[in-house]
Structures are given as structure tokens and as C-alpha cells.
$ cat structure_1.cif   # mmCIF, C-alpha atoms
data_work
#
loop_
_atom_site.label_atom_id
_atom_site.label_comp_id
_atom_site.auth_asym_id
_atom_site.auth_seq_id
_atom_site.Cartn_x
_atom_site.Cartn_y
_atom_site.Cartn_z
CA MET E 1 -3.97 -27.77 -6.25
CA ALA E 2 -2.69 -26.47 -2.90
CA ASP E 3 -3.52 -22.91 -1.92
CA PRO E 4 -0.73 -20.46 -2.77
CA LYS E 5 1.57 -19.52 0.08
CA ILE E 6 1.24 -15.78 0.60
CA LEU E 7 3.36 -13.68 2.93
CA ALA E 8 1.72 -10.40 3.96
CA ILE E 9 4.21 -7.73 5.02
CA ILE E 10 3.36 -4.46 6.74
CA PRO E 11 6.49 -2.28 6.57
CA ALA E 12 6.78 0.33 9.32
CA ARG E 13 10.11 1.96 9.98
CA GLY E 14 10.54 4.27 12.94
CA GLY E 15 11.74 7.36 11.09
CA SER E 16 9.45 9.49 8.95
CA LYS E 17 10.00 13.01 7.64
CA GLY E 18 6.54 14.20 6.61
CA VAL E 19 4.84 13.29 9.89
CA PRO E 20 7.13 12.36 12.82
CA ARG E 21 6.40 8.87 14.21
CA LYS E 22 3.70 8.60 11.56
CA ASN E 23 3.06 4.87 11.82
CA ILE E 24 1.99 5.05 15.48
CA TYR E 25 0.54 8.56 15.38
CA LEU E 26 -2.91 8.45 16.97
CA VAL E 27 -5.66 8.91 14.40
CA ALA E 28 -9.24 8.86 15.68
CA GLY E 29 -7.97 7.24 18.87
CA LYS E 30 -5.83 4.47 17.33
CA PRO E 31 -2.27 4.26 15.99
CA LEU E 32 -2.29 4.78 12.23
CA ILE E 33 -0.80 1.32 11.66
CA ALA E 34 -3.68 -0.28 13.60
CA TYR E 35 -6.11 0.21 10.71
CA THR E 36 -3.86 -1.83 8.41
CA LEU E 37 -3.17 -4.43 11.10
CA GLU E 38 -6.90 -4.99 11.64
CA ALA E 39 -7.69 -5.24 7.93
CA ALA E 40 -4.89 -7.75 7.41
CA LEU E 41 -5.87 -9.84 10.44
CA ALA E 42 -9.36 -10.21 8.97
CA VAL E 43 -7.92 -12.09 5.95
CA ARG E 44 -5.26 -14.04 7.84
CA HIS E 45 -6.98 -17.31 6.92
CA ARG E 46 -5.81 -16.80 3.33
CA LEU E 47 -2.19 -16.09 4.25
CA HIS E 48 0.78 -18.28 5.08
CA ARG E 49 1.91 -15.60 7.48
CA LEU E 50 1.27 -11.97 8.40
CA ILE E 51 4.20 -9.94 9.74
CA VAL E 52 5.35 -6.40 10.47
CA SER E 53 8.84 -5.44 9.30
CA THR E 54 10.18 -2.65 11.52
CA ASP E 55 13.40 -1.34 13.04
CA ASP E 56 11.52 0.33 15.90
CA ALA E 57 10.80 -1.33 19.27
CA GLU E 58 7.74 0.82 19.97
CA ILE E 59 6.15 -0.03 16.62
CA ALA E 60 6.90 -3.71 17.22
CA LYS E 61 5.18 -3.47 20.60
CA VAL E 62 2.06 -1.91 19.03
CA ALA E 63 1.94 -4.59 16.31
CA ARG E 64 2.19 -7.40 18.85
CA ARG E 65 -0.50 -5.78 21.00
CA TYR E 66 -2.85 -6.04 18.03
CA GLY E 67 -1.90 -9.68 17.49
CA VAL E 68 0.48 -9.37 14.53
CA ASP E 69 3.84 -11.14 14.55
CA VAL E 70 7.16 -9.27 14.44
CA PRO E 71 9.54 -12.23 13.93
CA PHE E 72 12.65 -10.08 13.43
CA MET E 73 13.85 -6.49 13.72
CA ARG E 74 14.72 -4.91 10.39
CA PRO E 75 18.47 -4.27 9.95
CA ALA E 76 19.57 -0.63 10.15
CA ASP E 77 20.81 -0.66 6.55
CA LEU E 78 17.23 -1.33 5.42
CA ALA E 79 15.63 1.33 7.61
CA GLY E 80 16.78 4.56 5.96
CA ASP E 81 14.40 6.93 4.19
CA ARG E 82 16.20 6.41 0.87
CA VAL E 83 16.00 2.60 0.91
CA PRO E 84 13.68 1.26 -1.83
CA MET E 85 10.85 -1.04 -0.82
CA PHE E 86 11.91 -4.14 -2.77
CA PRO E 87 15.02 -4.98 -0.67
CA VAL E 88 12.91 -4.62 2.49
CA LEU E 89 10.45 -7.15 1.10
CA GLN E 90 13.23 -9.44 -0.14
CA HIS E 91 14.78 -9.49 3.33
CA ALA E 92 11.42 -10.43 4.86
CA VAL E 93 10.88 -13.21 2.28
CA GLN E 94 14.34 -14.70 2.82
CA THR E 95 13.97 -14.55 6.61
CA VAL E 96 10.50 -16.10 6.75
CA GLU E 97 11.34 -18.81 4.22
CA ALA E 98 14.35 -19.80 6.32
CA MET E 99 12.35 -19.69 9.57
CA ASP E 100 9.41 -21.68 8.25
CA ASN E 101 11.26 -23.93 5.77
CA VAL E 102 8.80 -22.91 3.08
CA HIS E 103 8.86 -21.57 -0.48
CA LEU E 104 6.44 -18.68 -0.87
CA ASP E 105 4.33 -18.00 -3.96
CA TRP E 106 3.15 -14.41 -3.47
CA VAL E 107 4.15 -11.39 -1.40
CA LEU E 108 1.46 -8.97 -0.22
CA LEU E 109 2.63 -5.46 0.67
CA LEU E 110 0.22 -3.49 2.87
CA GLN E 111 1.48 -0.01 3.70
CA PRO E 112 0.28 1.56 6.99
CA THR E 113 -0.33 4.85 5.17
CA ALA E 114 -3.57 3.50 3.64
CA PRO E 115 -5.97 3.30 6.61
CA PHE E 116 -9.19 3.05 4.58
CA ARG E 117 -8.37 -0.17 2.75
CA THR E 118 -10.84 -2.89 3.82
CA PRO E 119 -10.50 -6.66 4.26
CA GLN E 120 -12.77 -6.98 1.22
CA ASP E 121 -10.29 -4.95 -0.83
CA ILE E 122 -7.49 -7.32 0.13
CA GLU E 123 -9.61 -10.39 -0.62
CA SER E 124 -10.58 -9.00 -4.02
CA ALA E 125 -6.93 -8.43 -4.90
CA LEU E 126 -6.11 -11.99 -3.82
CA ASP E 127 -8.94 -13.27 -6.03
CA LEU E 128 -7.57 -11.35 -9.02
CA ALA E 129 -4.14 -12.91 -8.50
CA ALA E 130 -5.69 -16.36 -8.17
CA GLY E 131 -7.14 -15.88 -11.65
CA GLY E 132 -3.60 -16.09 -13.01
CA GLY E 133 -1.97 -14.42 -15.99
CA CYS E 134 -0.27 -11.59 -14.10
CA ASP E 135 2.95 -10.75 -12.29
CA SER E 136 1.25 -8.48 -9.78
CA VAL E 137 -1.99 -6.91 -8.64
CA ILE E 138 -1.80 -3.23 -7.73
CA SER E 139 -4.59 -1.07 -6.32
CA VAL E 140 -5.44 2.13 -8.18
CA VAL E 141 -7.94 4.97 -8.04
CA GLN E 142 -9.46 6.89 -10.94
CA VAL E 143 -8.25 10.49 -11.05
CA PHE E 144 -9.95 13.62 -12.29
CA ALA E 145 -8.19 16.73 -10.95
CA VAL E 146 -4.80 15.30 -11.94
CA HIS E 147 -5.82 13.74 -15.25
CA PRO E 148 -2.93 13.88 -17.78
CA ASN E 149 -5.03 16.18 -19.98
CA LEU E 150 -4.75 18.86 -17.29
CA MET E 151 -0.98 18.63 -16.84
CA LYS E 152 1.12 21.49 -18.25
CA ARG E 153 4.77 22.40 -18.70
CA ILE E 154 6.42 25.80 -18.99
CA GLU E 155 8.81 26.40 -21.86
CA ASN E 156 10.21 29.80 -22.87
CA ASP E 157 7.70 31.45 -20.55
CA ARG E 158 4.77 29.76 -22.32
CA LEU E 159 2.26 27.32 -20.83
CA LEU E 160 2.16 24.19 -22.98
CA PRO E 161 0.54 20.74 -22.75
CA PHE E 162 2.69 18.32 -20.80
CA CYS E 163 1.74 15.36 -22.96
CA ILE E 164 -1.88 15.69 -24.21
CA GLU E 165 -3.56 18.75 -25.70
CA GLU E 166 -6.41 19.92 -23.46
CA GLN E 167 -9.60 20.88 -25.24
CA GLU E 168 -10.92 24.10 -23.75
CA GLY E 169 -14.34 23.77 -22.15
CA THR E 170 -14.20 19.99 -21.65
CA ARG E 171 -15.57 18.84 -18.28
CA ARG E 172 -13.01 16.92 -16.27
CA GLN E 173 -15.28 13.85 -16.02
CA ASP E 174 -15.38 13.71 -19.83
CA TYR E 175 -11.62 13.35 -20.35
CA GLN E 176 -10.74 10.19 -22.27
CA PRO E 177 -9.37 7.72 -21.74
CA PRO E 178 -10.01 7.49 -17.98
CA ALA E 179 -6.80 7.85 -15.97
CA TYR E 180 -5.78 5.94 -12.87
CA MET E 181 -2.95 6.20 -10.37
CA ARG E 182 -1.57 3.87 -7.74
CA ASN E 183 -3.11 4.59 -4.34
CA GLY E 184 -0.52 2.73 -2.24
CA ALA E 185 -3.04 0.43 -0.54
CA ILE E 186 -2.27 -3.00 -2.05
CA TYR E 187 0.70 -4.50 -3.87
CA LEU E 188 0.53 -8.25 -4.48
CA THR E 189 3.56 -9.67 -6.28
CA ARG E 190 4.71 -13.08 -7.40
CA ARG E 191 7.69 -14.18 -5.33
CA ALA E 192 9.76 -14.90 -8.44
CA VAL E 193 9.20 -11.37 -9.76
CA LEU E 194 10.29 -9.80 -6.47
CA MET E 195 13.28 -12.05 -5.82
CA GLU E 196 14.58 -12.64 -9.35
CA GLN E 197 13.64 -9.39 -11.11
CA ASN E 198 14.05 -6.97 -8.19
CA SER E 199 10.60 -5.65 -8.98
CA ILE E 200 7.30 -5.23 -7.18
CA TRP E 201 5.41 -4.53 -10.39
CA GLY E 202 6.71 -7.03 -12.93
CA GLN E 203 5.58 -6.83 -16.56
CA VAL E 204 1.90 -7.79 -16.43
CA ILE E 205 0.06 -5.78 -13.77
CA ARG E 206 -3.57 -6.48 -12.96
CA PRO E 207 -5.34 -3.36 -11.62
CA TYR E 208 -7.62 -3.46 -8.61
CA ILE E 209 -9.74 -0.31 -8.72
CA MET E 210 -10.68 1.30 -5.41
CA PRO E 211 -13.00 4.27 -4.81
CA GLU E 212 -11.62 7.67 -3.87
CA GLU E 213 -12.91 7.51 -0.30
CA ARG E 214 -10.81 4.40 0.40
CA SER E 215 -7.74 5.68 -1.43
CA VAL E 216 -6.53 8.41 0.94
CA SER E 217 -2.79 7.96 1.51
CA ILE E 218 -1.07 9.56 4.51
CA ASP E 219 2.06 11.41 3.43
CA SER E 220 1.71 14.80 5.13
CA GLU E 221 0.16 16.60 8.11
CA MET E 222 -2.72 17.67 5.85
CA ASP E 223 -3.38 14.05 4.85
CA MET E 224 -3.36 13.10 8.53
CA LYS E 225 -5.95 15.78 9.36
CA LEU E 226 -8.19 14.62 6.52
CA ALA E 227 -7.92 11.00 7.66
CA GLU E 228 -8.69 12.03 11.23
CA LEU E 229 -11.90 13.74 10.12
CA MET E 230 -12.96 10.84 7.88
CA LEU E 231 -12.24 8.16 10.49
CA ALA E 232 -13.94 10.12 13.25
CA GLU E 233 -17.02 10.52 11.05
CA ARG E 234 -17.02 6.83 10.19
CA SER E 235 -16.86 5.80 13.84
CA ARG E 236 -19.74 8.01 14.96
CA PRO E 237 -22.84 6.04 16.01
CA ASP E 238 -25.99 6.65 14.03
CA LEU E 239 -28.06 9.38 15.60
#
$ encode --input "structure_1.cif" --output "C-alpha cells"
Amino acid sequence: MADPKILAIIPARGGSKGVPRKNIYLVAGKPLIAYTLEAALAVRHRLHRLIVSTDDAEIAKVARRYGVDVPFMRPADLAGDRVPMFPVLQHAVQTVEAMDNVHLDWVLLLQPTAPFRTPQDIESALDLAAGGGCDSVISVVQVFAVHPNLMKRIENDRLLPFCIEEQEGTRRQDYQPPAYMRNGAIYLTRRAVLMEQNSIWGQVIRPYIMPEERSVSIDSEMDMKLAELMLAERSRPDL
């Protein structure tokens, strides 16, 4: 059987509210997007194509400098901060399929806001998809401080459980069942699910579990400062 045709898309629009020019903001000496570009390039042998989808000429220039193709500029109507991700991916799929005269099998979304994702993480997600039986593979991280048991709501000036009754005195690591949340690092979706169901998730989602230290997502100035410290520490030579 032929290898599946996988299109990897790194979406990077020019506007961002939380951190201005976030995708090319220098973090530990490199544009934030560079960490995702480098991780994706390391697994390029498993991809039909690796592209950046952007509406911004400066971001396109950075992507090309790192060796990643920008085969089109994203239309303005797909570059707003309220535009969902799935039409951005659909546009990229339609454009690449027309350019390459190919029918894709899977679409791999790699967001630049996850700089700690490794090539091995991407390969492991691809291996899970290759096992079959799922519509998508989505990366997650186990949570403790935001476990559903700890969530509350306020009603009539009373603090009540949001969904699960918390047992007083229970250590957070003992909450059952374990809870996980999407970390934004990897979304791998069957083409048919994306194009025909307008969904990145589909019905059957296979989880790829990542550790906390590789699950930092950059959404705010505080996240950026944390990433800066972590990346600077990681790049220090051994003393």
C-alpha cells in the first residue's frame, strides 16, 4: 500500500491580539515560528508537502528563510481573528491539491504557538494515525491544577461544584479519572473529515499524550516570558 499523502500546514497570520506580531516575536534569539518550522522540517520525509499559510509578507519571508514553502498568500477573508481554523485548512488543501494534482489523505496542523513540540512527537502522532481506526489524532496533556474536580460555580452567592463533587482533603494527583486537555501542539485529521464534515476533530479521536514541559502554549505575554526562560535554559551548554 502506498504511503498516505499528508499535507502539513503551519498557520501564521500577521495579526495577533495577545502578543503583537507573536509568530515572529524573538524568543531565545529565534522567531517563535522557527521552532515549529524546524520540528516540521525534521519529519518532511513523511509528508507530501510542508507549507506555511500566512497573509503576512514578513512571516512568509521568515518561513522561506528557514526552508519552508509558502506557495500562496492567505486571502484577507481568512486572516481575521474571528475566522475558525477549519476554513483556513480547507483553503490550503484545495489550493495544494490543485497545484500538485493530488488527492491528500491526511492534514497535519502544527500551530506556531507550541514551540516545545519535537519531531519525535510529530512522528508518534503520525504512527498513531497509521494504525487506523480514527478520524484524528490530537495531542493532549494531563492536567492537575485544572482537573474538573476542582472547578466550581457560584449560584445564589454559594460556591458549588461545577460538575463533580470535590472530596475535601484529596490530593490533586489522586483525582480520578485522570483528566486531559488539548495542548494545541498537534492536530492530524483525515482529509475527508476536514473537507466533508467541516471538522478537525471528527468522531473518533486518538489521543497523543505529551508531557507538561512540552505542552506550553503561547497565548499571552506571560506565556512568552515562560517560554523564553525555558528555551534559554534548554540552549545553555553543559557547564
$ residues_near_point --input "structure_1.cif" --point "(11.8, 2.2, -0.1)" --cutoff "12 Å" --atoms "all atoms listed in the file" --output "PDB file with C-alpha atoms, in the coordinates of the input"
ATOM      1  CA  PRO E  11       6.490  -2.280   6.570  1.00  0.00           C
ATOM      2  CA  ALA E  12       6.780   0.330   9.320  1.00  0.00           C
ATOM      3  CA  ARG E  13      10.110   1.960   9.980  1.00  0.00           C
ATOM      4  CA  SER E  16       9.450   9.490   8.950  1.00  0.00           C
ATOM      5  CA  ASP E  77      20.810  -0.660   6.550  1.00  0.00           C
ATOM      6  CA  LEU E  78      17.230  -1.330   5.420  1.00  0.00           C
ATOM      7  CA  ALA E  79      15.630   1.330   7.610  1.00  0.00           C
ATOM      8  CA  GLY E  80      16.780   4.560   5.960  1.00  0.00           C
ATOM      9  CA  ASP E  81      14.400   6.930   4.190  1.00  0.00           C
ATOM     10  CA  ARG E  82      16.200   6.410   0.870  1.00  0.00           C
ATOM     11  CA  VAL E  83      16.000   2.600   0.910  1.00  0.00           C
ATOM     12  CA  PRO E  84      13.680   1.260  -1.830  1.00  0.00           C
ATOM     13  CA  MET E  85      10.850  -1.040  -0.820  1.00  0.00           C
ATOM     14  CA  PHE E  86      11.910  -4.140  -2.770  1.00  0.00           C
ATOM     15  CA  PRO E  87      15.020  -4.980  -0.670  1.00  0.00           C
ATOM     16  CA  VAL E  88      12.910  -4.620   2.490  1.00  0.00           C
ATOM     17  CA  LEU E  89      10.450  -7.150   1.100  1.00  0.00           C
ATOM     18  CA  GLN E  90      13.230  -9.440  -0.140  1.00  0.00           C
ATOM     19  CA  LEU E 109       2.630  -5.460   0.670  1.00  0.00           C
ATOM     20  CA  GLN E 111       1.480  -0.010   3.700  1.00  0.00           C
ATOM     21  CA  SER E 199      10.600  -5.650  -8.980  1.00  0.00           C
ATOM     22  CA  ILE E 200       7.300  -5.230  -7.180  1.00  0.00           C
TER      23      ILE E 200
END
$ closest_residue --input "structure_1.cif" --among "E:Leu108, E:Val204, E:Val62, E:Ile51" --to "Lys30 of chain E" --atoms "all atoms listed in the file"
E:Val62
$ resolve_selection --input "structure_1.cif" --expression "the PyMOL selection byres ((chain E and resi 185-189) around 8)" --output "JSON, numbers by chain"
{"E": [106, 107, 108, 109, 110, 111, 113, 114, 117, 122, 125, 126, 129, 135, 136, 137, 138, 139, 183, 184, 190, 191, 193, 194, 200, 201, 202, 215, 217]}
$ resolve_selection --input "structure_1.cif" --expression "the PyMOL selection byres ((chain E and resi 167-171) around 12)" --output "PyMOL selection string"
chain E and resi 144-145+147+149-150+161+164-166+172-176
$ atom_distance --input "structure_1.cif" --atom1 "atom CA of Val19 of chain E" --atom2 "atom CA of Leu231 of chain E"
17.8 Å
$ closest_residue --input "structure_1.cif" --among "E:Val43, E:Leu32, E:Ile9, E:Cys163" --to "Asp219 of chain E" --atoms "only C-alpha atoms"
E:Leu32
$ residues_around --input "structure_1.cif" --residues "Glu97 of chain E" --least-positions-apart "5" --cutoff "12 Å" --atoms "only C-alpha atoms" --output "MDAnalysis selection string"
chainID E and resid 5:7 48:49 71 90:92 102:105 107 191
$ write_last_selection --input "structure_1.cif" --atoms "C-alpha atoms" --output "mmCIF file, in the frame of the given file"
data_model
loop_
_atom_site.group_PDB
_atom_site.id
_atom_site.type_symbol
_atom_site.label_atom_id
_atom_site.label_comp_id
_atom_site.auth_asym_id
_atom_site.auth_seq_id
_atom_site.Cartn_x
_atom_site.Cartn_y
_atom_site.Cartn_z
ATOM 1 C CA LYS E 5 1.570 -19.520 0.080
ATOM 2 C CA ILE E 6 1.240 -15.780 0.600
ATOM 3 C CA LEU E 7 3.360 -13.680 2.930
ATOM 4 C CA HIS E 48 0.780 -18.280 5.080
ATOM 5 C CA ARG E 49 1.910 -15.600 7.480
ATOM 6 C CA PRO E 71 9.540 -12.230 13.930
ATOM 7 C CA GLN E 90 13.230 -9.440 -0.140
ATOM 8 C CA HIS E 91 14.780 -9.490 3.330
ATOM 9 C CA ALA E 92 11.420 -10.430 4.860
ATOM 10 C CA VAL E 102 8.800 -22.910 3.080
ATOM 11 C CA HIS E 103 8.860 -21.570 -0.480
ATOM 12 C CA LEU E 104 6.440 -18.680 -0.870
ATOM 13 C CA ASP E 105 4.330 -18.000 -3.960
ATOM 14 C CA VAL E 107 4.150 -11.390 -1.400
ATOM 15 C CA ARG E 191 7.690 -14.180 -5.330
#
